[in-house]
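Asker: Here you go, this is target09.txt (compact mmCIF, C-alpha atoms).
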```
# COMPACT_ATOMS: atom_id res chain seq x y z
CA MET O 1 56.19 28.25 16.85
CA ARG O 2 54.36 25.11 15.98
CA ARG O 3 50.65 25.46 16.53
CA ASP O 4 48.17 22.81 17.39
CA ILE O 5 45.35 22.29 14.94
CA PHE O 6 42.83 21.64 17.70
CA GLN O 7 43.64 25.12 18.94
CA ALA O 8 43.09 26.50 15.45
CA ILE O 9 39.63 25.04 15.10
CA ALA O 10 38.60 25.41 18.74
CA ASP O 11 37.70 29.06 18.29
CA PRO O 12 34.25 29.84 16.79
CA THR O 13 35.48 32.87 14.85
CA ARG O 14 38.29 30.83 13.33
CA ARG O 15 35.86 28.10 12.36
CA ALA O 16 33.68 30.74 10.67
CA ILE O 17 36.76 32.11 8.85
CA ILE O 18 37.60 28.58 7.68
CA ALA O 19 34.05 28.13 6.40
CA LEU O 20 34.19 31.44 4.50
CA ILE O 21 37.57 30.97 2.85
CA ALA O 22 36.76 27.38 1.98
CA LEU O 23 34.43 28.85 -0.65
CA GLN O 24 36.72 31.57 -2.01
CA ALA O 25 39.95 33.39 -1.22
CA MET O 26 39.28 36.54 0.81
CA THR O 27 41.10 39.60 2.13
CA PRO O 28 41.16 40.40 5.87
CA ASN O 29 38.95 43.44 5.20
CA ALA O 30 36.33 41.39 3.40
CA LEU O 31 36.44 38.82 6.20
CA ALA O 32 36.09 41.47 8.93
CA GLU O 33 32.78 42.58 7.37
CA HIS O 34 31.33 39.22 8.32
CA PHE O 35 32.14 39.60 11.99
CA ASP O 36 31.34 41.98 14.76
CA THR O 37 35.02 42.46 15.38
CA THR O 38 37.99 44.55 14.34
CA ARG O 39 40.23 43.94 11.37
CA GLN O 40 43.08 43.49 13.83
CA ALA O 41 41.23 40.65 15.53
CA VAL O 42 40.61 38.97 12.18
CA SER O 43 44.29 39.38 11.30
CA LYS O 44 45.27 37.72 14.55
CA HIS O 45 43.04 34.73 13.78
CA LEU O 46 44.49 34.55 10.27
CA ARG O 47 48.00 34.57 11.70
CA ILE O 48 47.18 31.59 13.93
CA LEU O 49 45.60 29.74 11.01
CA THR O 50 48.68 30.51 8.90
CA GLU O 51 50.97 29.17 11.63
CA CYS O 52 48.94 25.99 11.59
CA GLU O 53 49.41 25.85 7.83
CA LEU O 54 45.65 25.73 7.44
CA VAL O 55 45.60 28.82 5.21
CA THR O 56 47.85 30.19 2.52
CA GLN O 57 48.18 33.81 1.48
CA GLU O 58 48.55 35.28 -1.95
CA GLN O 59 49.50 38.87 -2.70
CA LYS O 60 47.40 40.53 -5.42
CA GLY O 61 48.39 44.15 -5.89
CA ARG O 62 48.10 45.81 -2.48
CA GLU O 63 45.80 43.16 -1.11
CA ILE O 64 46.49 39.81 0.49
CA PHE O 65 44.03 37.02 -0.19
CA TYR O 66 43.69 34.08 2.18
CA SER O 67 42.57 30.66 1.07
CA LEU O 68 42.05 27.34 2.83
CA GLU O 69 44.47 24.43 2.62
CA ILE O 70 41.91 21.68 2.07
CA GLU O 71 44.56 18.95 2.27
CA LYS O 72 45.62 20.10 5.72
CA MET O 73 42.02 19.90 6.89
CA LYS O 74 41.85 16.35 5.56
CA GLU O 75 44.97 15.47 7.54
CA ILE O 76 43.08 16.09 10.76
CA ASP O 77 40.50 13.51 9.81
CA LYS O 78 43.19 11.09 8.69
CA TRP O 79 44.93 11.22 12.07
CA LEU O 80 41.65 10.76 13.86
CA GLU O 81 40.73 7.84 11.64
CA GLN O 82 43.99 6.11 12.51
CA TYR O 83 43.39 6.76 16.19
CA ARG O 84 39.91 5.30 15.84
CA LYS O 85 41.37 2.19 14.21
CA ILE O 86 43.85 1.71 17.05
CA TRP O 87 40.99 1.73 19.53
CA GLU O 88 38.85 -0.52 17.39
CA THR O 89 41.64 -3.09 17.16
CA ARG O 90 42.48 -2.80 20.84
CA LEU O 91 38.90 -3.22 22.03
CA ASN O 92 38.26 -6.11 19.68
CA GLN O 93 41.32 -7.79 21.16
CA LEU O 94 39.84 -7.23 24.60
CA ASP O 95 36.57 -8.78 23.48
CA ASP O 96 38.56 -11.73 22.19
CA LEU O 97 40.44 -12.07 25.48
CA LEU O 98 37.26 -11.94 27.55
CA ALA O 99 35.77 -14.72 25.44
CA THR O 100 38.90 -16.80 25.98
CA ILE O 101 38.81 -16.26 29.75
CA LYS O 102 35.14 -17.24 29.93
CA LYS O 103 35.80 -20.33 27.89
CA GLN O 104 38.64 -21.35 30.21
CA GLU O 105 36.45 -20.76 33.27
CA LYS O 106 33.83 -23.06 31.85
CA GLU O 107 36.36 -25.76 31.08
CA LYS O 108 37.65 -25.81 34.65
CA MET T 1 29.91 -5.66 19.73
CA LYS T 2 29.80 -2.24 18.17
CA MET T 3 32.16 0.56 19.11
CA ASP T 4 31.29 4.25 19.05
CA PHE T 5 34.06 6.73 18.46
CA ILE T 6 33.22 10.41 18.68
CA VAL T 7 35.64 13.30 18.38
CA ASP T 8 34.54 16.63 19.73
CA LYS T 9 37.10 19.05 18.34
CA GLN T 10 35.65 21.93 20.32
CA THR T 11 36.12 20.31 23.70
CA LYS T 12 39.23 18.42 22.52
CA THR T 13 37.66 15.22 23.72
CA VAL T 14 37.57 11.80 22.16
CA SER T 15 34.76 9.57 23.44
CA ILE T 16 34.89 5.84 22.92
CA THR T 17 32.06 3.54 23.94
CA LYS T 18 32.07 -0.21 23.65
CA GLU T 19 29.81 -2.94 24.96
CA PHE T 20 30.98 -6.37 25.97
CA ALA T 21 28.78 -9.43 26.44
CA PHE T 22 30.47 -10.17 29.77
CA GLU T 23 29.97 -9.26 33.40
CA ARG T 24 31.38 -6.02 34.72
CA SER T 25 33.83 -7.53 37.22
CA LEU T 26 35.60 -9.41 34.43
CA VAL T 27 35.82 -6.35 32.17
CA TRP T 28 37.05 -4.28 35.11
CA ASP T 29 39.78 -6.84 35.80
CA ALA T 30 40.88 -6.72 32.16
CA TYR T 31 41.47 -2.99 32.54
CA THR T 32 43.09 -3.03 35.93
CA LYS T 33 45.26 -6.16 36.13
CA PRO T 34 48.59 -5.97 34.30
CA GLU T 35 48.69 -9.64 33.27
CA LEU T 36 45.34 -9.17 31.52
CA LEU T 37 46.02 -5.66 30.19
CA ASP T 38 49.17 -6.84 28.45
CA GLN T 39 47.13 -9.39 26.53
CA TRP T 40 44.98 -6.86 24.69
CA TRP T 41 46.31 -3.33 25.13
CA ALA T 42 48.70 -3.24 22.18
CA PRO T 43 47.17 -3.50 18.73
CA LYS T 44 48.82 -6.48 17.05
CA PRO T 45 51.55 -6.94 15.87
CA PHE T 46 52.69 -4.73 18.76
CA ALA T 47 53.00 -6.17 22.25
CA SER T 48 52.30 -4.50 25.57
CA ARG T 49 54.79 -5.11 28.35
CA THR T 50 53.97 -3.66 31.76
CA LYS T 51 57.07 -2.99 33.81
CA VAL T 52 55.39 -1.50 36.87
CA MET T 53 51.74 -1.34 37.79
CA ASP T 54 50.33 -0.14 41.06
CA PHE T 55 46.59 0.26 40.65
CA ARG T 56 45.72 2.71 43.40
CA VAL T 57 45.14 6.46 43.53
CA GLY T 58 48.57 8.04 43.16
CA GLY T 59 49.95 4.81 41.70
CA ARG T 60 50.99 4.28 38.10
CA ARG T 61 51.44 1.90 35.21
CA PHE T 62 54.73 2.14 33.37
CA TYR T 63 54.71 0.05 30.24
CA ALA T 64 56.23 -0.39 26.83
CA MET T 65 54.64 -0.91 23.45
CA VAL T 66 57.01 -3.26 21.72
CA SER T 67 57.15 -3.44 17.93
CA PRO T 68 57.77 -6.74 16.13
CA ASP T 69 61.44 -5.78 15.66
CA GLY T 70 61.81 -5.19 19.40
CA GLN T 71 61.64 -1.40 19.54
CA GLU T 72 60.15 -0.08 22.75
CA ARG T 73 57.97 2.99 23.14
CA TRP T 74 57.26 3.81 26.76
CA GLY T 75 54.02 5.03 28.24
CA LEU T 76 53.11 6.25 31.70
CA GLN T 77 49.64 6.26 33.24
CA LYS T 78 49.06 7.83 36.64
CA TYR T 79 45.85 6.91 38.44
CA THR T 80 44.13 10.00 39.79
CA SER T 81 40.80 8.52 40.96
CA ILE T 82 39.38 5.04 41.48
CA SER T 83 35.82 3.93 42.31
CA PRO T 84 36.05 0.15 42.27
CA LYS T 85 34.24 -1.54 39.35
CA THR T 86 32.61 1.73 38.37
CA ASN T 87 35.12 4.35 37.31
CA PHE T 88 38.75 5.29 37.23
CA LYS T 89 40.65 8.26 35.94
CA LEU T 90 44.22 8.53 34.83
CA PHE T 91 46.73 10.91 33.36
CA ASN T 92 48.34 9.39 30.29
CA ALA T 93 51.62 10.44 28.71
CA PHE T 94 54.39 9.02 26.60
CA ALA T 95 57.65 8.68 28.48
CA ASP T 96 61.29 7.85 28.06
CA GLU T 97 62.78 4.64 29.42
CA ASP T 98 63.52 6.37 32.73
CA GLU T 99 59.86 7.21 33.30
CA ASN T 100 60.20 10.89 32.46
CA PRO T 101 56.85 11.88 30.92
CA GLU T 102 56.67 13.70 27.61
CA LEU T 103 54.17 16.47 28.07
CA PRO T 104 51.50 17.36 27.24
CA GLY T 105 49.57 14.24 28.11
CA SER T 106 45.88 13.49 28.20
CA ASP T 107 43.25 12.95 30.89
CA TRP T 108 41.29 9.73 30.69
CA ASP T 109 37.98 8.95 32.36
CA LEU T 110 36.72 5.36 32.19
CA THR T 111 33.22 4.38 33.32
CA PHE T 112 31.93 0.81 33.61
CA SER T 113 28.24 -0.03 33.78
CA GLU T 114 26.37 -3.30 33.48
CA GLN T 115 22.88 -4.04 32.29
CA ASP T 116 21.39 -7.46 31.52
CA GLY T 117 24.77 -9.11 31.46
CA THR T 118 26.25 -6.56 29.07
CA THR T 119 28.99 -4.26 30.27
CA LYS T 120 29.38 -0.85 28.72
CA VAL T 121 32.72 0.90 28.95
CA SER T 122 32.75 4.63 28.23
CA ILE T 123 36.16 6.16 27.78
CA SER T 124 36.60 9.87 27.53
CA ILE T 125 40.02 11.23 26.58
CA TYR T 126 40.72 14.90 26.93
CA ASN T 127 43.70 16.01 24.87
CA GLU T 128 45.34 19.26 25.70
CA SER T 129 46.76 19.21 22.21
CA LEU T 130 46.25 17.34 19.00
CA GLU T 131 50.00 16.96 18.73
CA ARG T 132 49.81 14.08 21.17
CA LEU T 133 47.31 12.34 19.00
CA GLU T 134 49.54 12.89 16.03
CA LYS T 135 52.47 11.44 17.95
CA MET T 136 50.37 8.48 18.98
CA VAL T 137 49.80 7.66 15.35
CA GLU T 138 53.44 8.35 14.47
CA MET T 139 54.81 6.07 17.14
CA GLY T 140 54.73 3.13 14.85
CA PHE T 141 51.16 2.68 13.86
CA LYS T 142 51.94 3.67 10.29
CA GLU T 143 49.16 3.41 7.80
CA GLY T 144 50.55 0.26 6.23
CA THR T 145 50.81 -1.48 9.56
CA MET T 146 47.35 -0.38 10.49
CA SER T 147 45.67 -1.82 7.42
CA GLN T 148 47.68 -4.99 7.96
CA LEU T 149 46.65 -5.39 11.55
CA ASN T 150 43.19 -4.23 10.78
CA ASN T 151 42.32 -7.74 9.81
CA LEU T 152 39.33 -7.45 12.02
CA GLU T 153 37.53 -10.09 10.07
CA ASP T 154 40.13 -12.65 11.15
CA LEU T 155 39.80 -11.51 14.71
CA LEU T 156 36.04 -11.64 14.63
CA ALA T 157 36.07 -15.04 12.96
CA LYS T 158 38.36 -16.30 15.69
CA LEU T 159 36.10 -14.82 18.32
CA THR T 160 33.02 -16.36 16.77
CA GLY T 161 34.83 -19.68 16.55
CA GLU T 162 35.61 -19.53 20.24
CA LYS T 163 32.03 -18.74 21.13
CA GLU T 164 30.76 -21.61 19.02
CA SER T 165 33.19 -24.07 20.54
CA LYS T 166 31.81 -23.35 24.01
```
Represent the structure contained in this file as structure tokens.

Answerer:
Amino acid sequence: MRRDIFQAIADPTRRAIIALIALQAMTPNALAEHFDTTRQAVSKHLRILTECELVTQEQKGREIFYSLEIEKMKEIDKWLEQYRKIWETRLNQLDDLLATIKKQEKEK
Amino acid sequence: MKMDFIVDKQTKTVSITKEFAFERSLVWDAYTKPELLDQWWAPKPFASRTKVMDFRVGGRRFYAMVSPDGQERWGLQKYTSISPKTNFKLFNAFADEDENPELPGSDWDLTFSEQDGTTKVSISIYNESLERLEKMVEMGFKEGTMSQLNNLEDLLAKLTGEKESK
């Protein structure tokens, strides 16, 4: 299933996981040590992050290391920046329109 | 005047605040009358074309964003609460040409306040999912187009020119 990135980063534990693996690739066991939670719970969070394509996994021997997809994180900001620009343009157009209306009122 | 744009990823809310050097009743009209809305709603070079608008609680606005080559992208806004000249709320969703909404949508809350002749509009948009936001950007506002239409300097120059010619 396609996951929503807002959902991925809405959870505090997942945000903490993102912060940790942004620095270095980590195994679920190593990650679990940082939280007052079970390994299973950490695995579940990692699965959601994987489905969002925010993390990638790499098998090393018997262990799986998770690392952060920095580019994917940047995508979030890129979308938001475009959304911001749409609103900026739209509201500047409104400002423009209001000025035009006022001008017309005065000319009447 | 300056615009504030704040994204709270935790609460999935986008907050936009903008001040206008005009009285509240005029700003309110620009948001609630279709003939005015269509003049500013679509970022250029897109055009906004309102097909139906019934500004009352339970009513809706069904409109198209039209690209320069004539492609239409439909949007539906259902008004859920209205306090005249102060606040209104709506449920916003993309739609097909037969007014069937594409879910999930988003909940909008718009507040208008006036102080010393300046009207502040605070818009809060709650998105159930970021996918909608992504779609919003995909619907034609490609990066190239955005930078092209982002000629804000032109717009501001025009605006300044109009103010000076008063």

Asker: Show me, as a ChimeraX atom specification, the residues of chain O whose atoms get within 12 Å of chain T, using only C-alpha atoms for the distance check.

Answerer: /O:2-12,14-15,52,75-107

Asker: From the list T:Leu110, T:Arg61, T:Asp69, T:Lys120, which residue is nearest Ala93 of chain T when using all atoms listed in the file?

Answerer: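 Under the stated criterion, the closest residue is T:Arg61.
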
Asker: Give me, as a list of chain:residue names, all polymer residues having an atom no more than 10 Å from segment 68-71 of chain O, counting all atoms listed in the file and skipping those fewer than 3 positions away in the same chain.

Answerer: O:Ile17, O:Ile18, O:Ala19, O:Leu20, O:Ile21, O:Ala22, O:Leu23, O:Gln24, O:Ala25, O:Met26, O:Leu49, O:Thr50, O:Glu53, O:Leu54, O:Val55, O:Thr56, O:Gln57, O:Lys74, O:Glu75, O:Ile76

Asker: Could you give me, as JSON, numbers by chain, the residues within 6 Å of Ser124 of chain T, counting all atoms listed in the file and dropping anything in the same chain fewer than 3 positions from it?

Answerer: {"T": [14, 15, 108, 109]}

Asker: Emit the selected residues as a short mmCIF file (atom, residue, chain, number, x, y, z; two decimals), keeping the file's coordinate frame, including C-alpha atoms.

Answerer:
```
data_model
loop_
_atom_site.label_atom_id
_atom_site.label_comp_id
_atom_site.auth_asym_id
_atom_site.auth_seq_id
_atom_site.Cartn_x
_atom_site.Cartn_y
_atom_site.Cartn_z
CA VAL T 14 37.57 11.80 22.16
CA SER T 15 34.76 9.57 23.44
CA TRP T 108 41.29 9.73 30.69
CA ASP T 109 37.98 8.95 32.36
#
```
